[in-house]
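Enquirer: Next comes the structure file data-v7.cif, holding mmCIF, C-alpha atoms.
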```
data_input
loop_
_atom_site.label_atom_id
_atom_site.label_comp_id
_atom_site.auth_asym_id
_atom_site.auth_seq_id
_atom_site.Cartn_x
_atom_site.Cartn_y
_atom_site.Cartn_z
CA GLY A 1 -13.50 -2.26 -36.89
CA ALA A 2 -11.90 0.91 -35.60
CA MET A 3 -11.06 0.70 -31.95
CA ALA A 4 -12.08 3.55 -29.70
CA SER A 5 -9.07 5.07 -28.05
CA LEU A 6 -9.17 6.15 -24.43
CA ARG A 7 -7.00 8.80 -22.90
CA PRO A 8 -6.21 8.63 -19.22
CA ILE A 9 -7.93 11.39 -17.28
CA SER A 10 -5.25 11.70 -14.66
CA LYS A 11 -1.86 10.38 -13.63
CA VAL A 12 -0.83 9.66 -10.07
CA SER A 13 2.80 9.76 -9.06
CA THR A 14 2.70 7.42 -6.09
CA GLY A 15 6.17 7.83 -4.64
CA HIS A 16 6.47 4.08 -4.06
CA THR A 17 10.10 2.97 -4.24
CA ALA A 18 9.38 -0.50 -5.65
CA CYS A 19 6.88 -2.44 -7.75
CA ILE A 20 3.20 -1.54 -7.07
CA HIS A 21 1.16 -4.74 -6.69
CA ASP A 22 -2.34 -3.42 -6.18
CA ILE A 23 -4.47 -0.31 -6.54
CA ALA A 24 -7.89 -0.22 -4.86
CA HIS A 25 -10.63 2.39 -5.25
CA ASP A 26 -13.07 2.84 -2.42
CA TYR A 27 -16.81 2.33 -2.91
CA TYR A 28 -17.36 5.91 -4.09
CA GLY A 29 -14.24 6.16 -6.26
CA LYS A 30 -13.03 9.18 -4.28
CA ARG A 31 -10.21 7.43 -2.53
CA LEU A 32 -7.34 5.26 -3.72
CA ALA A 33 -5.04 2.90 -1.82
CA THR A 34 -1.83 1.43 -3.25
CA CYS A 35 0.57 -1.20 -1.92
CA SER A 36 4.02 -2.23 -2.97
CA SER A 37 7.11 -4.36 -2.52
CA ASP A 38 8.45 -1.41 -0.52
CA LYS A 39 6.17 -2.69 2.32
CA THR A 40 4.19 0.55 2.49
CA ILE A 41 0.55 1.48 1.89
CA ARG A 42 -0.37 4.88 0.50
CA VAL A 43 -3.82 6.46 0.48
CA PHE A 44 -4.77 9.21 -1.97
CA ASP A 45 -7.86 11.44 -1.92
CA LYS A 46 -9.38 13.60 -4.65
CA ASP A 47 -8.87 17.30 -3.92
CA GLU A 48 -11.21 20.14 -4.94
CA ASN A 49 -9.58 20.23 -8.40
CA ASP A 50 -10.28 16.51 -8.88
CA GLU A 51 -6.56 15.71 -8.61
CA TRP A 52 -5.28 12.75 -6.58
CA LYS A 53 -3.32 13.93 -3.56
CA LEU A 54 -1.35 11.75 -1.15
CA THR A 55 -3.23 11.81 2.17
CA THR A 56 -1.13 9.43 4.22
CA GLN A 57 1.45 6.67 3.91
CA TRP A 58 2.85 4.18 6.36
CA SER A 59 5.02 1.08 6.70
CA ALA A 60 2.48 -1.69 6.96
CA HIS A 61 4.10 -5.13 6.74
CA LYS A 62 7.46 -6.86 7.12
CA SER A 63 7.46 -8.07 3.52
CA VAL A 64 5.89 -7.57 0.08
CA ILE A 65 2.25 -6.42 0.25
CA TRP A 66 0.21 -8.17 -2.43
CA ARG A 67 -3.23 -6.61 -2.14
CA VAL A 68 -5.20 -3.82 -0.50
CA GLU A 69 -8.98 -3.87 -0.28
CA TRP A 70 -11.60 -1.43 1.06
CA ALA A 71 -14.56 -2.66 3.10
CA HIS A 72 -18.05 -1.36 2.33
CA PRO A 73 -18.40 2.19 3.73
CA GLU A 74 -21.21 1.16 6.07
CA PHE A 75 -18.42 -0.35 8.20
CA GLY A 76 -16.43 2.90 8.18
CA GLN A 77 -13.16 3.65 6.40
CA LEU A 78 -11.65 0.17 6.70
CA LEU A 79 -8.76 -1.15 4.67
CA ALA A 80 -7.33 -4.67 4.61
CA SER A 81 -3.84 -5.59 3.40
CA CYS A 82 -2.25 -9.00 2.85
CA SER A 83 1.40 -9.86 2.60
CA ASP A 84 4.18 -12.35 2.10
CA ASP A 85 4.76 -12.01 5.86
CA ARG A 86 1.77 -14.39 6.45
CA HIS A 87 -0.43 -11.68 7.93
CA VAL A 88 -3.58 -9.82 7.00
CA ILE A 89 -3.92 -6.47 8.74
CA ILE A 90 -7.14 -4.49 9.14
CA TRP A 91 -6.65 -0.71 9.22
CA ALA A 92 -9.23 1.89 10.31
CA GLU A 93 -9.10 5.59 9.64
CA LYS A 94 -8.61 7.75 12.70
CA GLU A 95 -8.42 11.51 12.45
CA SER A 96 -5.79 12.96 14.74
CA PRO A 97 -5.76 16.71 15.40
CA LYS A 98 -2.64 18.46 14.14
CA HIS A 99 -0.62 20.06 16.89
CA THR A 100 0.41 23.04 14.85
CA GLY A 101 -1.84 26.09 15.06
CA GLY A 102 -3.82 25.12 11.94
CA GLY A 103 -7.27 23.63 12.39
CA ASN A 104 -6.75 20.80 9.90
CA SER A 105 -6.83 17.28 11.23
CA GLN A 106 -4.47 14.67 9.87
CA VAL A 107 -5.71 11.37 8.50
CA LYS A 108 -4.07 8.32 10.01
CA PHE A 109 -4.88 4.67 9.57
CA GLN A 110 -4.61 2.65 12.73
CA GLN A 111 -3.96 -1.07 12.91
CA VAL A 112 -7.13 -2.45 14.53
CA ALA A 113 -6.62 -6.19 13.94
CA THR A 114 -3.99 -8.62 12.68
CA LEU A 115 -5.11 -11.97 11.28
CA VAL A 116 -2.41 -14.56 11.90
CA ASP A 117 -4.18 -17.77 10.86
CA PHE A 118 -1.88 -18.46 7.91
CA GLN A 119 1.02 -20.83 7.41
CA LYS A 120 2.32 -19.23 4.22
CA ALA A 121 2.05 -16.01 2.23
CA VAL A 122 -1.41 -14.45 1.84
CA THR A 123 -1.73 -13.44 -1.79
CA SER A 124 -5.27 -12.17 -2.23
CA MET A 125 -8.53 -11.36 -0.45
CA HIS A 126 -12.00 -9.94 -1.06
CA PHE A 127 -14.58 -8.40 1.27
CA ALA A 128 -18.03 -10.00 1.06
CA PRO A 129 -20.95 -7.91 -0.19
CA ALA A 130 -22.33 -5.79 2.66
CA HIS A 131 -25.56 -7.82 3.04
CA LEU A 132 -23.41 -10.73 4.32
CA GLY A 133 -21.94 -8.53 7.06
CA LEU A 134 -18.29 -7.68 7.64
CA GLN A 135 -16.58 -10.74 6.14
CA LEU A 136 -13.26 -11.19 4.38
CA ALA A 137 -12.25 -14.16 2.22
CA THR A 138 -8.47 -14.74 2.10
CA CYS A 139 -6.29 -16.79 -0.26
CA CYS A 140 -3.15 -18.41 1.06
CA ASN A 141 -0.22 -20.35 -0.37
CA ASP A 142 -0.91 -23.05 2.25
CA GLY A 143 -3.71 -24.27 -0.04
CA ARG A 144 -6.58 -22.89 2.02
CA LEU A 145 -9.30 -20.33 1.55
CA ARG A 146 -10.41 -18.83 4.87
CA LEU A 147 -13.42 -16.72 5.86
CA HIS A 148 -12.95 -14.17 8.60
CA LYS A 149 -15.82 -12.34 10.26
CA GLY A 150 -15.32 -8.98 11.93
CA ASP A 151 -17.46 -7.40 14.61
CA PRO A 152 -18.60 -4.00 13.25
CA THR A 153 -19.06 -2.69 16.81
CA ASN A 154 -15.58 -3.83 17.85
CA LEU A 155 -13.18 -3.88 14.91
CA ASN A 156 -10.44 -5.56 16.98
CA MET A 157 -12.51 -8.76 17.03
CA TRP A 158 -12.12 -11.11 14.05
CA THR A 159 -12.77 -14.84 13.96
CA VAL A 160 -12.28 -17.52 11.32
CA VAL A 161 -15.82 -18.69 10.53
CA GLY A 162 -14.96 -21.08 7.72
CA GLU A 163 -12.12 -22.57 5.72
CA PHE A 164 -11.67 -25.11 2.97
CA GLU A 165 -9.03 -26.51 0.64
CA PRO A 166 -10.32 -26.04 -2.92
CA ASP A 167 -7.73 -28.47 -4.29
CA GLY A 168 -8.18 -31.00 -1.51
CA THR A 169 -4.44 -31.65 -1.50
CA GLY A 170 -3.29 -29.25 1.18
CA PHE A 171 0.28 -28.10 0.82
CA GLY A 172 1.50 -27.96 -2.73
CA SER A 173 -1.39 -25.91 -4.03
CA TYR A 174 -1.52 -22.12 -4.04
CA VAL A 175 -4.90 -20.44 -3.61
CA ASN A 176 -4.39 -17.05 -5.21
CA CYS A 177 -7.62 -15.31 -6.22
CA VAL A 178 -11.21 -15.03 -4.99
CA SER A 179 -14.35 -13.06 -5.82
CA TRP A 180 -17.75 -13.03 -4.11
CA ASN A 181 -21.11 -13.37 -5.83
CA LYS A 182 -22.76 -10.01 -5.09
CA SER A 183 -26.32 -11.27 -5.62
CA ARG A 184 -28.60 -11.53 -2.57
CA VAL A 185 -30.61 -14.49 -3.82
CA ASP A 186 -28.00 -17.27 -3.97
CA GLY A 187 -26.72 -17.24 -0.40
CA PRO A 188 -22.97 -16.88 0.28
CA THR A 189 -21.16 -18.06 -2.87
CA LEU A 190 -17.75 -17.27 -4.30
CA VAL A 191 -15.37 -18.20 -7.09
CA VAL A 192 -11.82 -19.19 -6.22
CA GLY A 193 -8.72 -19.83 -8.34
CA TRP A 194 -5.71 -21.93 -7.40
CA TRP A 195 -2.82 -23.76 -8.98
CA ARG A 196 -0.84 -26.82 -8.06
CA ALA A 197 2.91 -26.65 -8.07
CA SER A 198 3.46 -30.40 -8.35
CA ASP A 199 3.85 -32.10 -11.73
CA PRO A 200 1.89 -31.75 -13.83
CA LYS A 201 1.23 -28.14 -12.90
CA VAL A 202 -2.49 -27.43 -13.06
CA SER A 203 -4.59 -24.28 -12.74
CA SER A 204 -8.13 -24.68 -11.46
CA VAL A 205 -11.17 -22.50 -10.78
CA GLY A 206 -14.20 -23.51 -8.75
CA VAL A 207 -17.44 -22.08 -7.40
CA TRP A 208 -18.15 -22.74 -3.72
CA GLY A 209 -21.14 -21.99 -1.53
CA TYR A 210 -22.09 -22.02 2.12
CA SER A 211 -24.91 -24.35 3.06
CA ASN A 212 -26.80 -23.26 6.19
CA GLU A 213 -28.19 -26.73 6.58
CA GLN A 214 -24.79 -28.44 6.60
CA GLN A 215 -23.06 -25.45 8.23
CA ARG A 216 -20.15 -25.74 5.84
CA TRP A 217 -18.73 -24.65 2.51
CA SER A 218 -19.00 -27.08 -0.35
CA SER A 219 -18.09 -27.18 -4.01
CA ILE A 220 -20.94 -26.20 -6.34
CA THR A 221 -19.17 -26.63 -9.66
CA LYS A 222 -15.72 -26.58 -11.19
CA LEU A 223 -15.02 -24.26 -14.12
CA ASP A 224 -12.95 -26.11 -16.72
CA LEU A 225 -10.32 -23.77 -18.12
CA GLU A 226 -9.46 -23.97 -21.80
CA PRO A 227 -5.82 -25.01 -22.25
CA ASP A 228 -3.20 -22.57 -23.42
CA PRO A 229 -2.92 -22.68 -27.24
CA LYS A 230 0.83 -23.23 -26.93
CA GLY A 231 0.33 -26.03 -24.43
CA ALA A 232 2.30 -24.21 -21.75
CA PHE A 233 1.24 -24.22 -18.11
CA CYS A 234 -0.51 -20.98 -17.16
CA GLU A 235 -1.05 -19.79 -13.65
CA VAL A 236 -4.54 -18.51 -12.92
CA ARG A 237 -4.00 -14.96 -11.69
CA ASP A 238 -7.38 -13.33 -11.07
CA VAL A 239 -11.13 -13.97 -10.99
CA ASP A 240 -14.05 -11.53 -10.93
CA TRP A 241 -17.73 -12.41 -10.51
CA ALA A 242 -19.85 -9.88 -12.41
CA PRO A 243 -22.77 -8.09 -10.76
CA THR A 244 -25.92 -9.76 -12.13
CA MET A 245 -28.06 -6.61 -12.43
CA GLY A 246 -31.27 -8.53 -13.00
CA ARG A 247 -29.78 -11.17 -15.33
CA GLN A 248 -30.87 -14.74 -14.70
CA HIS A 249 -27.37 -16.08 -15.31
CA HIS A 250 -23.96 -15.27 -13.87
CA LEU A 251 -20.78 -14.20 -15.65
CA ILE A 252 -17.36 -14.98 -14.17
CA ALA A 253 -14.12 -13.72 -15.71
CA VAL A 254 -10.80 -15.53 -15.17
CA ALA A 255 -7.32 -14.23 -16.05
CA VAL A 256 -5.16 -17.20 -17.02
CA GLY A 257 -2.03 -16.94 -19.14
CA SER A 258 -2.58 -14.81 -22.24
CA THR A 259 -6.36 -15.24 -22.06
CA VAL A 260 -9.34 -13.89 -20.21
CA GLN A 261 -11.90 -16.70 -20.02
CA VAL A 262 -15.54 -15.81 -19.35
CA PHE A 263 -17.89 -18.45 -17.95
CA LYS A 264 -21.67 -18.22 -18.04
CA LEU A 265 -23.32 -19.93 -15.08
CA PRO A 266 -26.99 -20.79 -14.85
CA SER A 267 -28.96 -19.43 -11.89
CA LEU A 268 -27.62 -20.83 -8.62
CA GLN A 269 -30.87 -20.52 -6.67
CA GLY A 270 -31.44 -23.66 -4.61
CA TRP A 271 -27.99 -25.10 -5.41
CA GLN A 272 -27.95 -26.82 -1.99
CA GLU A 273 -30.81 -29.14 -3.04
CA ARG A 274 -29.90 -29.84 -6.64
CA LYS A 275 -26.93 -30.37 -8.86
CA VAL A 276 -26.07 -27.29 -10.89
CA GLU A 277 -26.24 -28.08 -14.60
CA ALA A 278 -22.99 -28.40 -16.50
CA VAL A 279 -21.32 -25.09 -17.29
CA GLU A 280 -20.73 -24.33 -20.98
CA ARG A 281 -17.20 -23.88 -22.23
CA PRO A 282 -15.93 -20.36 -21.66
CA VAL A 283 -15.59 -17.57 -24.17
CA VAL A 284 -11.82 -17.11 -24.59
CA LEU A 285 -10.67 -13.51 -25.04
CA THR A 286 -7.15 -12.40 -25.97
CA ALA A 287 -5.46 -9.07 -26.50
CA GLY A 288 -6.03 -9.57 -30.23
CA ASP A 289 -4.01 -7.79 -32.96
CA GLY A 290 -1.85 -10.87 -33.50
CA GLN A 291 1.10 -9.68 -31.45
CA SER A 292 2.99 -12.04 -29.19
CA PRO A 293 0.66 -13.08 -26.39
CA VAL A 294 0.85 -11.11 -23.16
CA ALA A 295 -0.15 -12.51 -19.80
CA PHE A 296 -3.21 -11.01 -18.12
CA TRP A 297 -2.76 -10.25 -14.44
CA ARG A 298 -6.08 -8.68 -13.46
CA VAL A 299 -9.68 -8.71 -14.61
CA GLY A 300 -12.58 -6.53 -13.48
CA TRP A 301 -16.21 -5.93 -14.43
CA ASN A 302 -17.91 -2.54 -14.23
CA LEU A 303 -20.78 -1.97 -11.79
CA THR A 304 -23.44 -3.13 -14.23
CA GLY A 305 -21.55 -6.23 -15.37
CA THR A 306 -21.61 -5.09 -19.00
CA THR A 307 -17.98 -4.11 -19.59
CA LEU A 308 -14.93 -6.19 -18.73
CA ALA A 309 -11.36 -4.91 -18.43
CA GLY A 310 -8.19 -6.96 -18.34
CA SER A 311 -4.77 -5.56 -17.50
CA ALA A 312 -1.72 -7.29 -18.93
CA GLU A 313 1.86 -7.55 -17.79
CA ASN A 314 3.06 -5.14 -20.50
CA GLY A 315 0.85 -2.40 -19.07
CA GLN A 316 -1.87 -2.77 -21.70
CA VAL A 317 -5.51 -2.56 -20.61
CA VAL A 318 -8.07 -4.20 -22.87
CA CYS A 319 -11.82 -3.59 -22.51
CA TRP A 320 -14.60 -5.78 -23.87
CA LYS A 321 -18.26 -4.78 -23.98
CA LEU A 322 -21.36 -6.98 -24.08
CA ASP A 323 -23.34 -6.30 -27.24
CA PHE A 324 -27.13 -6.61 -27.45
CA GLN A 325 -26.81 -10.34 -28.16
CA GLY A 326 -24.76 -10.83 -25.03
CA GLN A 327 -21.47 -11.35 -26.94
CA LEU A 328 -18.30 -9.76 -25.57
CA LYS A 329 -16.68 -7.59 -28.24
CA GLN A 330 -13.29 -5.93 -27.93
CA HIS A 331 -14.03 -2.30 -27.35
CA VAL A 332 -10.86 -0.41 -26.57
CA THR A 333 -7.18 -1.04 -25.86
CA MET A 334 -4.98 1.31 -23.89
CA THR A 335 -1.22 1.09 -24.02
CA PRO A 336 1.23 2.64 -21.56
CA GLN A 337 2.43 5.04 -24.29
CA GLN A 338 -1.05 6.60 -24.40
CA MET A 339 -1.02 6.88 -20.65
#
```
Would you give me this structure, written as structure tokens?

Expert:
Amino acid sequence: GAMASLRPISKVSTGHTACIHDIAHDYYGKRLATCSSDKTIRVFDKDENDEWKLTTQWSAHKSVIWRVEWAHPEFGQLLASCSDDRHVIIWAEKESPKHTGGGNSQVKFQQVATLVDFQKAVTSMHFAPAHLGLQLATCCNDGRLRLHKGDPTNLNMWTVVGEFEPDGTGFGSYVNCVSWNKSRVDGPTLVVGWWRASDPKVSSVGVWGYSNEQQRWSSITKLDLEPDPKGAFCEVRDVDWAPTMGRQHHLIAVAVGSTVQVFKLPSLQGWQERKVEAVERPVVLTAGDGQSPVAFWRVGWNLTGTTLAGSAENGQVVCWKLDFQGQLKQHVTMTPQQM
């Protein structure tokens, strides 16, 4: 059928001098942070004309910055960044009065904490939903996923409250994407993606949960990825756990190679006491239109968990929408030329 075509509503010239690795909107969509290989972070705010304006920029790390992520606004204007330099830095907005005669204050982000628990590059991270408090899950090339808890009354204080090796092999596997379950009923649960560099190279995705009784994280279920049609190894690049919005089941999207694979999980309530039933094979989505396959780098659900977007290495963005039968149908494709 005819594809809807979307036009971008605005363009942002970032001023970064190298590849941009991540763009993060804040909770309200009024603020944007970007990070880059140029080792800087830039924050943009919407002005009264609804245009993005650069508010502040600063040198943040000693190496490539892979991701930036906003905390929930109930913890203030907090931003986390992770880098190849083996550090995660927590930044908090501080308004400093301008010394020129004007009454405007200048927005500055201050380094409030540096997390140094890593032995290799930190490639990804995700703040927990606010009902779990101020918690950050981090993915590291040392094969570990770590959970850091911040003290909302003293943002300098962060402690590692949990860690696990999804692959169980330690060094030689790269943990590179994570997404929290936003539902309040299942307890702390998240999906994590990793790949093993040894032969044969393997990409894996698993769902993990925290058991209060055992006081530790344990594996709930593994999500078996469908192999690449060409038989090539594909690195898993991103995962996103959809908001449930009253659904009994969960949807998890995975970007791997030229596919976006969507898993449907049964309810996880009471997973500590029982084995979760086997997960069906995923729905495998591609960019369609029979062109040469492009690798997907990012996936993201909308706030109601009804539309899924995947962005590909060639700059294309593909959106799929759930129809009334719960099937994902390709809805719109944007290409850089239209942007």

Enquirer: With the file shown as input, list the residues that the PyMOL selection byres ((chain A and resi 13-16) around 8) selects, as a count of residues only.

Expert: 11

Enquirer: Could I get the residues of region 54-122 of chain A with an atom no further than 10 Å from an atom of region 173-192 of chain A, each paired with its nearest atom pair and that distance in Å to one decimal, using only C-alpha atoms, sorted by chain and residue number, as a tab-separated table?

Expert:
```
residue	atom	partner	partner_atom	distance
A:Lys120	CA	A:Tyr174	CA	9.6
A:Ala121	CA	A:Tyr174	CA	9.5
A:Val122	CA	A:Asn176	CA	8.1
```

Enquirer: Write out as a ChimeraX atom specification which residues come within 9 Å of Ile41 (chain A) when counting all atoms listed in the file, dropping same-chain ones fewer than 2 positions away.

Expert: /A:16,33-36,38-39,43,56-61,65,68,81

Enquirer: So which residues touch Val239 (chain A) within 12 Å, counting all atoms listed in the file, skipping near sequence neighbours fewer than 4 positions away, as a count of residues only?

Expert: 40

Enquirer: Gly305 (chain A): which residues within 7 Å, counting all atoms listed in the file, same-chain residues fewer than 4 positions away excluded, as a ChimeraX atom specification?

Expert: /A:242-244,301

Enquirer: Select, counting only C-alpha atoms, all protein, DNA and RNA residues no farther than 6 Å from (-21.5, -28.8, -7.6) in file coordinates, and express the selection as a list of chain:residue names.

Expert: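 Residues close enough to count: A:Ser219, A:Ile220, A:Thr221, A:Lys275, A:Val276.
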
Enquirer: Set the distance at 9 Å and use all atoms listed in the file: which residues neighbour Gly133 (chain A) once local chain neighbours fewer than 3 positions away are removed? I'd like the list as a list in words.

Expert: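 In the requested form, the answer reads Phe75, Ala128, Pro129, Ala130, Lys149, Gly150, Asp151 and Pro152 of chain A.
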
Enquirer: Next, the residues of the selection above should be written as a CSV table (one decimal), keeping the file's coordinate frame with C-alpha atoms.

Expert:
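That gives us out_20.csv:
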```csv
chain,number,residue,atom,x,y,z
A,75,PHE,CA,-18.4,-0.4,8.2
A,128,ALA,CA,-18.0,-10.0,1.1
A,129,PRO,CA,-21.0,-7.9,-0.2
A,130,ALA,CA,-22.3,-5.8,2.7
A,149,LYS,CA,-15.8,-12.3,10.3
A,150,GLY,CA,-15.3,-9.0,11.9
A,151,ASP,CA,-17.5,-7.4,14.6
A,152,PRO,CA,-18.6,-4.0,13.2
```

Enquirer: In Å to one decimal, how far is CA of Gly162 (chain A) from CA of Gln111 (chain A)?

Expert: 23.4 Å
